[in-house]
2 protein chains.
Amino acid sequence: MFTELSTRYQPLNAETVSGYVHSRPELREVFHIGEEIESVEVGDGNLNLVFKVWAKNDPSRTVVLKQALPYLRLVGDSWPLPTDRARIEAEALKIEYRLCPQHTPRVYFYDPDMYLTAMQNLNNHIIMRKGLIQGIKYPAFAEHIGLFLARTLAYTSDLVLDFRTKKLEVARFTNPELCKITEDLVFTEPYRKTERNRYHPEIEPQVLALQADDSLRTQVAQMKEKFMTHAQALIHGDLHTGSIMINQTETFAIDPEFAFYGPMGFDVGAVIGNLFLSYASHEVRTKDPETRADFRKYLTDTVIQLWKVFEREFGEVWAEVDLINMPKGYQEDYMLRVLQDSAGMGACKMMRRVIGLAGVEDIRGIEDANDRSIAASLALNIAQALIMNRREIRTIEELVEVATGCRPSYPWKG
Amino acid sequence: MFTELSTRYQPLNAETVSGYVHSRPELREVFHIGEEIESVEVGDGNLNLVFKVWAKNDPSRTVVLKQALPYLRLVGDSWPLPTDRARIEAEALKIEYRLCPQHTPRVYFYDPDMYLTAMQNLNNHIIMRKGLIQGIKYPAFAEHIGLFLARTLAYTSDLVLDFRTKKLEVARFTNPELCKITEDLVFTEPYRKTERNRYHPEIEPQVLALQADDSLRTQVAQMKEKFMTHAQALIHGDLHTGSIMINQTETFAIDPEFAFYGPMGFDVGAVIGNLFLSYASHEVRTKDPETRADFRKYLTDTVIQLWKVFEREFGEVWAEVDLINMPKGYQEDYMLRVLQDSAGMGACKMMRRVIGLAGVEDIRGIEDANDRSIAASLALNIAQALIMNRREIRTIEELVEVATGCRPSYPWKG
């Protein structure tokens with residue numbers, strides 16, 4: 001939350017990184033005293049400085065320093081953001097690491113004066129979104145992310161935490177300003193005329209129709225309410241494919257600065273929604289029909305498999321709960337609601353990426369306006385189908401069927 | 001939450017009250033310096049000392065001092081309760097007074113060392129439950145409580161509060177131990193064998209059948225989850241007819257020590273459920289059929305009217321919201337969900353009063369075992385009908401129809 005900036009806060013720069021690194025005893029296991037350190041700032045996000053740091057004569061000894069800036073870079077000083085998000089992120093990473101170390105970067109320390117976290121450098125991994133754009137398959141992803149979702153969500157819910165811990169954790173992860181960004185950019189602005197929306201002019205007719213659709217806006221309002229009131233588990237809060245570092249054998253979820261106690265479906269839906277954004281983009285990105293069908297089958301198989309892994313791993317928790325108080329029918333209902341929430345939340349995350357301020361390269365990076373409009377239109381149609389039909393969806397296969405049954409509306413038919 | 005007891009904490013007693021009262025500048029507007037003060041301890045609750053205090057030569061100048069005991073009186077020292085609940089109650093009273101002064105006792109001050117609140121003495125009022133047992137009608141109650149519910153719930157929700165205030169208020173009203181009492185006594189223990197349950201042996205067959213009913217327990221688990229996760233508004237948390245001080249022209253809601261951010265339906269349902277407990281009790285309490293029918297019509301008319309007042313007053317808030325983000329369809333859906341939650345939550349509150357540790361005099365005070373079993377059985381049947389049919393209920397009239405269509409199962413038919 002908003003507090004005074006620490007008087008010891010200094011944004012790091014190329015000159016000061018080395019001295020800072022050597023001043024931290026927690027990094028003695030990585031760097032030798034006084035040795036030469038090299039670094040590069042790689043922040044391509046909007047909120048932070050990110051330094052990759054390594055020993056000059058052994059680059060395998062390396063860490064990442066992530067430091068919060070007190071404003072949102074995307075829009076300059078005009079949108080101040082609390083540095084408390086750095087604490088939230090570091091504390092969320094520690095919990096995720098405890099619950100699922102194989103898919104969470106290790107934290108060396110959090111510096112509350114510098115709003116800085118030192119963590120594992122994932123330098124053998126790329127941002128998943130970039131890989132998906134190139135049509136690269138990640139065969140282990142579904143298994144990895146299903147496990148990550150199940151463990152981080154189930155084990156921070158009321159199903160596992162005792163009554164007091166849960167409620168104190170809700171208070172500790174109070175994250176108003178970052179939640180507000182989501183409330184505005186995901187659940188509000190795409191559905192109205194605002195100058196911050198950034199859709200391509202070619203798809204304006206479809207956007208205007210969507211914004212005029214009361215029944216759609218009613219469903220979106222329900223999703224927004226759920227995001228704002230349903231303190232179900234400690235969610236990552238921003239788990240799109242740009243928050244996933246990946247290679248053929250490893251997967252890491254990074255950047256949980258949006259973490260708070262919210263609905264599980266927001267995280268599961270973020271992953272699924274971003275896989276469908278990729279699916280929509282390959283309508284035009286991959287011209288060869290066979291290659292396209294093959295990659296899309298990989299994407300939809302991944303959606304199905306990640307949910308099945310999620311259910312399987314979540315089952316470990318259900319196996320431990322009190323059956324009198326939580327009978328079988330409740331368990332089935334609970335998981336079905338997470339699935340339906342995922343469809344609705346994922347849909348909102350897809351629509352905002354096409355219409356709203358922050359787009360995704362999958363779609364907005366398509367150079368040809370005609371192609372881009374086809375992909376954007378398909379993404380919107382998939383999203384609308386998912387949110388409007390979510391209460392009828394009973395299985396992950398049905399969810400995928402709803403999505404794959406959609407076609408682009410562009411080019412417009414007279 | 002649990003913190004060290006203040007070193008300045010002293011439970012007041014008959015000898016120390018007067019000195020304490022004269023030590024507080026906030027009470028100078030009530031009592032003259034040094035004048036003789038009389039008092040009596042009237043706490044019949046389980047958690048607190050309650051002193052009525054007045055000026056000996058002018059009893060109309062009077063206040064109530066409510067002081068938290070660090071344990072639950074009902075079960076002695078064995079169930080320690082945090083004194084922080086006194087802060088919660090005083091802060092909730094202040095908010096309720098700001099939003100609805102005509103139905104909230106005025107707070108003079110809260111003493112954080114003594115866990116003591118000085119407030120308006122409602123000495124022209126009786127506890128509503130006692131009046132209802134005697135068959136007294138309160139014609140203004142529906143209008144009053146509908147207004148109280150609408151104003152306290154709507155104005156503490158995300159519909160009115162800005163994003164930051166709402167989230168900070170959720171943290172400020174974190175109330176784990178008192179929520180845990182509700183989680184256990186309302187949503188858990190009545191549905192299982194435990195030695196703390198207190199139902200009459202005559203209705204055991206019905207209780208055992210209910211506890212063996214998986215579909216009922218599934219619905220109760222959903223209500224429990226909603227109570228634990230749905231931070232919709234600052235709710236009173238214990239709004240039964242024993243928390244209402246009333247006469248023919250005035251109504252006050254007292255004792256919000258269970259207050260926290262929870263589902264609106266828990267408060268609305270508490271009122272409705274307790275009116276139906278009264279309804280069930282008059283099956284046997286009022287022997288004359290005409291008098292019985294007349295009083296029951298008063299009760300069901302009250303349920304209908306209080307909801308209509310609630311909707312009408314809540315409408316003032318809907319008239320102010322952003323119609324693009326919250327279209328008409330969302331408003332209707334929102335109010336319908338509050339109604340259906342009220343049916344389910346009210347049902348749980350009825351069942352706990354028949355089966356669980358803390359009963360109500362309406363039912364348990366019936367001396368004849370046969371009569372008592374008839375009333376208890378009817379209350380359980382109304383509750384089951386309300387929770388199992390809640391998703392089909394679309395109007396308050398339908399809710400009342402579901403309840404009034406029930407008959408007692410006792411005496412058992414062969």
# chains A, B, ... in the order shown; residues from 1 in each chain; ligands from 1
call {"tool": "residues_around", "arguments": {"residues": "A:Ala90", "least_positions_apart": "3", "cutoff": "8 Å", "atoms": "only C-alpha atoms", "output": "list in words"}}
result
Ala86, Arg87, Leu93, Lys94, Val107, Tyr110, Thr117 and Glu257 of chain A
call {"tool": "residues_around", "arguments": {"residues": "B:Pro25", "least_positions_apart": "4", "cutoff": "12 Å", "atoms": "only C-alpha atoms", "output": "list in words"}}
result
Tyr20, Val21, Glu29, Val30, Phe31, His32, Ile33, Tyr108, Phe109, Asp111 and Ala118 of chain B
call {"tool": "write_last_selection", "arguments": {"atoms": "C-alpha atoms", "output": "CSV table (one decimal), in the first residue's frame"}}
result
chain,number,residue,atom,x,y,z
B,20,TYR,CA,-14.3,4.6,36.1
B,21,VAL,CA,-17.3,6.6,34.8
B,29,GLU,CA,-22.2,15.4,28.8
B,30,VAL,CA,-24.2,12.7,30.7
B,31,PHE,CA,-23.0,12.8,34.3
B,32,HIS,CA,-22.1,15.7,36.5
B,33,ILE,CA,-18.7,15.8,38.1
B,108,TYR,CA,-19.5,7.6,23.5
B,109,PHE,CA,-16.0,6.1,23.4
B,111,ASP,CA,-11.3,2.3,25.7
B,118,ALA,CA,-19.6,3.2,26.5
call {"tool": "atom_distance", "arguments": {"atom1": "atom CA of A:Ala376", "atom2": "atom CA of A:Arg192"}}
result
17.6 Å
call {"tool": "interface_residues", "arguments": {"of": "chain B", "to": "chain A", "cutoff": "8 Å", "atoms": "only C-alpha atoms", "output": "ChimeraX atom specification"}}
result
/B:158,163-164,167-168,170-171,174-177,180,188,191-192,214-215,217-219,221-222,228-232,324-330
call {"tool": "residues_around", "arguments": {"residues": "B:Arg106", "least_positions_apart": "4", "cutoff": "12 Å", "atoms": "only C-alpha atoms", "output": "list in words"}}
result
Val63, Val64, Leu65, Ala90, Glu91, Ala92, Leu93, Lys94, Ile95, Glu96, Tyr97, Arg98, Leu99, Cys100, Pro101, Gln102, Tyr110, Thr117, Ala118, Met119, Gln120, Asn121, Leu122, Phe252, Ala253 and Ile254 of chain B
call {"tool": "write_last_selection", "arguments": {"atoms": "N, CA and C atoms", "output": "short mmCIF file (atom, residue, chain, number, x, y, z; two decimals), in the first residue's frame"}}
result
data_model
loop_
_atom_site.label_atom_id
_atom_site.label_comp_id
_atom_site.auth_asym_id
_atom_site.auth_seq_id
_atom_site.Cartn_x
_atom_site.Cartn_y
_atom_site.Cartn_z
N VAL B 63 -25.99 5.38 30.69
CA VAL B 63 -25.22 4.77 29.59
C VAL B 63 -25.06 3.28 29.88
N VAL B 64 -24.61 2.56 28.86
CA VAL B 64 -24.22 1.16 29.03
C VAL B 64 -22.71 1.06 28.84
N LEU B 65 -22.06 0.32 29.72
CA LEU B 65 -20.65 -0.01 29.54
C LEU B 65 -20.56 -1.49 29.20
N ALA B 90 -16.74 -1.96 18.57
CA ALA B 90 -16.84 -0.50 18.68
C ALA B 90 -16.69 0.14 17.30
N GLU B 91 -15.76 -0.37 16.48
CA GLU B 91 -15.55 0.22 15.16
C GLU B 91 -16.73 -0.08 14.23
N ALA B 92 -17.29 -1.27 14.36
CA ALA B 92 -18.47 -1.59 13.55
C ALA B 92 -19.66 -0.71 13.96
N LEU B 93 -19.84 -0.51 15.26
CA LEU B 93 -20.93 0.36 15.73
C LEU B 93 -20.78 1.77 15.18
N LYS B 94 -19.54 2.25 15.16
CA LYS B 94 -19.34 3.62 14.66
C LYS B 94 -19.73 3.72 13.19
N ILE B 95 -19.36 2.71 12.40
CA ILE B 95 -19.72 2.72 10.97
C ILE B 95 -21.23 2.59 10.80
N GLU B 96 -21.84 1.66 11.55
CA GLU B 96 -23.29 1.50 11.45
C GLU B 96 -24.02 2.77 11.87
N TYR B 97 -23.48 3.44 12.89
CA TYR B 97 -24.12 4.68 13.37
C TYR B 97 -24.02 5.77 12.31
N ARG B 98 -22.88 5.83 11.64
CA ARG B 98 -22.71 6.82 10.57
C ARG B 98 -23.70 6.54 9.43
N LEU B 99 -23.90 5.26 9.12
CA LEU B 99 -24.75 4.89 7.98
C LEU B 99 -26.23 4.84 8.33
N CYS B 100 -26.54 4.55 9.59
CA CYS B 100 -27.94 4.33 9.97
C CYS B 100 -28.13 4.65 11.45
N PRO B 101 -28.00 5.94 11.82
CA PRO B 101 -28.00 6.31 13.24
C PRO B 101 -29.31 5.96 13.94
N GLN B 102 -30.41 5.93 13.19
CA GLN B 102 -31.70 5.70 13.85
C GLN B 102 -31.86 4.27 14.37
N TYR B 110 -14.53 4.26 22.97
CA TYR B 110 -13.99 2.91 23.14
C TYR B 110 -12.67 3.04 23.88
N THR B 117 -16.58 -0.43 25.71
CA THR B 117 -17.31 0.56 24.93
C THR B 117 -18.41 1.15 25.80
N ALA B 118 -18.47 2.48 25.82
CA ALA B 118 -19.59 3.16 26.49
C ALA B 118 -20.58 3.56 25.42
N MET B 119 -21.82 3.17 25.61
CA MET B 119 -22.81 3.45 24.56
C MET B 119 -24.18 3.78 25.16
N GLN B 120 -25.03 4.24 24.27
CA GLN B 120 -26.42 4.57 24.59
C GLN B 120 -27.09 3.39 25.30
N ASN B 121 -27.81 3.70 26.41
CA ASN B 121 -28.58 2.68 27.12
C ASN B 121 -29.98 2.59 26.52
N LEU B 122 -30.28 1.45 25.94
CA LEU B 122 -31.59 1.28 25.29
C LEU B 122 -32.57 0.73 26.33
N PHE B 252 -33.21 -1.18 17.35
CA PHE B 252 -31.76 -1.01 17.36
C PHE B 252 -31.07 -2.37 17.19
N ALA B 253 -30.08 -2.40 16.31
CA ALA B 253 -29.25 -3.60 16.17
C ALA B 253 -28.03 -3.43 17.08
N ILE B 254 -27.82 -4.38 17.98
CA ILE B 254 -26.72 -4.26 18.93
C ILE B 254 -25.71 -5.40 18.72
#
call {"tool": "residues_around", "arguments": {"residues": "stretch 379-394 of chain A", "least_positions_apart": "3", "cutoff": "10 Å", "atoms": "only C-alpha atoms", "output": "PyMOL selection string"}}
result
chain A and resi 203+206-207+210+215-216+218-220+223+273-274+276-281+283+335-337+339-355+363+373-376+397-409
call {"tool": "write_last_selection", "arguments": {"atoms": "C-alpha atoms", "output": "short mmCIF file (atom, residue, chain, number, x, y, z; two decimals), in the first residue's frame"}}
result
data_model
loop_
_atom_site.label_atom_id
_atom_site.label_comp_id
_atom_site.auth_asym_id
_atom_site.auth_seq_id
_atom_site.Cartn_x
_atom_site.Cartn_y
_atom_site.Cartn_z
CA ILE A 203 -11.87 -4.62 -35.72
CA GLN A 206 -16.71 -6.06 -33.48
CA VAL A 207 -15.45 -4.13 -30.44
CA LEU A 210 -19.23 -6.28 -27.88
CA SER A 215 -25.64 -9.71 -21.55
CA LEU A 216 -21.88 -9.93 -22.07
CA THR A 218 -23.44 -8.61 -17.13
CA GLN A 219 -21.19 -11.68 -17.21
CA VAL A 220 -18.05 -9.55 -17.11
CA MET A 223 -16.31 -11.89 -13.03
CA GLY A 273 -6.79 -17.76 -22.01
CA ASN A 274 -3.24 -17.08 -23.13
CA PHE A 276 -6.14 -19.61 -26.72
CA LEU A 277 -4.68 -16.22 -27.68
CA SER A 278 -1.81 -18.19 -29.20
CA TYR A 279 -4.34 -20.52 -30.84
CA ALA A 280 -6.12 -17.52 -32.38
CA SER A 281 -2.86 -15.96 -33.56
CA GLU A 283 -4.92 -18.78 -37.56
CA MET A 335 -13.78 -28.15 -8.92
CA LEU A 336 -16.53 -27.49 -11.45
CA ARG A 337 -16.82 -23.92 -10.19
CA LEU A 339 -13.36 -24.75 -14.15
CA GLN A 340 -16.26 -22.43 -14.98
CA ASP A 341 -14.52 -19.48 -13.30
CA SER A 342 -11.44 -20.27 -15.39
CA ALA A 343 -13.50 -20.08 -18.56
CA GLY A 344 -14.99 -16.72 -17.54
CA MET A 345 -11.81 -15.19 -16.15
CA GLY A 346 -9.69 -16.47 -19.03
CA ALA A 347 -12.19 -14.93 -21.45
CA CYS A 348 -11.85 -11.52 -19.78
CA LYS A 349 -8.09 -11.78 -20.01
CA MET A 350 -8.33 -12.58 -23.73
CA MET A 351 -10.65 -9.67 -24.48
CA ARG A 352 -8.49 -7.15 -22.64
CA ARG A 353 -5.44 -8.26 -24.66
CA VAL A 354 -7.25 -7.50 -27.91
CA ILE A 355 -9.15 -4.36 -26.91
CA ILE A 363 -1.91 -10.69 -31.81
CA SER A 373 -7.80 -8.48 -37.66
CA ILE A 374 -8.59 -12.11 -38.37
CA ALA A 375 -6.62 -13.26 -35.33
CA ALA A 376 -8.08 -10.52 -33.12
CA GLU A 397 -12.93 -31.16 -23.08
CA GLU A 398 -16.19 -29.25 -23.37
CA LEU A 399 -14.34 -26.01 -22.65
CA VAL A 400 -11.93 -26.74 -25.50
CA GLU A 401 -14.83 -27.63 -27.80
CA VAL A 402 -16.51 -24.30 -27.09
CA ALA A 403 -13.28 -22.51 -28.06
CA THR A 404 -12.37 -24.56 -31.10
CA GLY A 405 -15.89 -24.23 -32.49
CA CYS A 406 -15.31 -20.49 -33.03
CA ARG A 407 -14.40 -18.75 -36.28
CA PRO A 408 -13.26 -15.17 -36.91
CA SER A 409 -15.95 -12.67 -37.88
#
call {"tool": "atom_distance", "arguments": {"atom1": "atom CA of B:Arg198", "atom2": "atom CA of B:Leu357"}}
result
5.4 Å
call {"tool": "atom_distance", "arguments": {"atom1": "atom CA of B:His144", "atom2": "atom CA of B:Phe266"}}
result
17.8 Å
call {"tool": "closest_residue", "arguments": {"among": "A:Leu132, A:Val317, A:Ile145, A:Ile244", "to": "A:Phe295", "atoms": "only C-alpha atoms"}}
result
A:Leu132
call {"tool": "residues_around", "arguments": {"residues": "B:Glu38", "least_positions_apart": "6", "cutoff": "6 Å", "atoms": "only C-alpha atoms", "output": "ChimeraX atom specification"}}
result
/B:53-54,56
call {"tool": "select_by_dssp", "arguments": {"residues": "stretch 189-348 of chain B", "states": "strand (DSSP E or B)", "output": "compact mmCIF listing (two decimals) with C-alpha atoms, in the first residue's frame"}}
result
# COMPACT_ATOMS: atom_id res chain seq x y z
CA HIS B 230 -16.97 -13.89 0.06
CA ALA B 233 -19.68 -6.13 2.75
CA LEU B 234 -19.08 -5.35 6.42
CA ILE B 235 -21.68 -7.63 7.95
CA ILE B 244 -32.23 -6.55 18.29
CA MET B 245 -33.58 -4.15 20.93
CA ILE B 246 -37.06 -3.05 20.08
CA THR B 251 -35.47 -0.73 16.57
CA PHE B 252 -31.76 -1.01 17.36
CA ALA B 253 -29.25 -3.60 16.17
CA PHE B 260 -16.22 -8.81 9.38
CA TYR B 261 -16.32 -8.60 5.59
CA GLY B 262 -18.61 -11.44 4.58
call {"tool": "closest_residue", "arguments": {"among": "A:Gly265, A:Pro205, A:Gly131, A:Pro112", "to": "A:Glu361", "atoms": "only C-alpha atoms"}}
result
A:Gly131
call {"tool": "select_by_dssp", "arguments": {"residues": "stretch 125-326 of chain A", "states": "helix (DSSP H, G or I)", "output": "PyMOL selection string"}}
result
chain A and resi 128-133+141-154+163-172+176-185+189-191+201-211+214-229+241-243+256-258+264-285+289-318
call {"tool": "residues_around", "arguments": {"residues": "B:Gly242", "least_positions_apart": "4", "cutoff": "8 Å", "atoms": "only C-alpha atoms", "output": "MDAnalysis selection string"}}
result
chainID B and resid 127:130
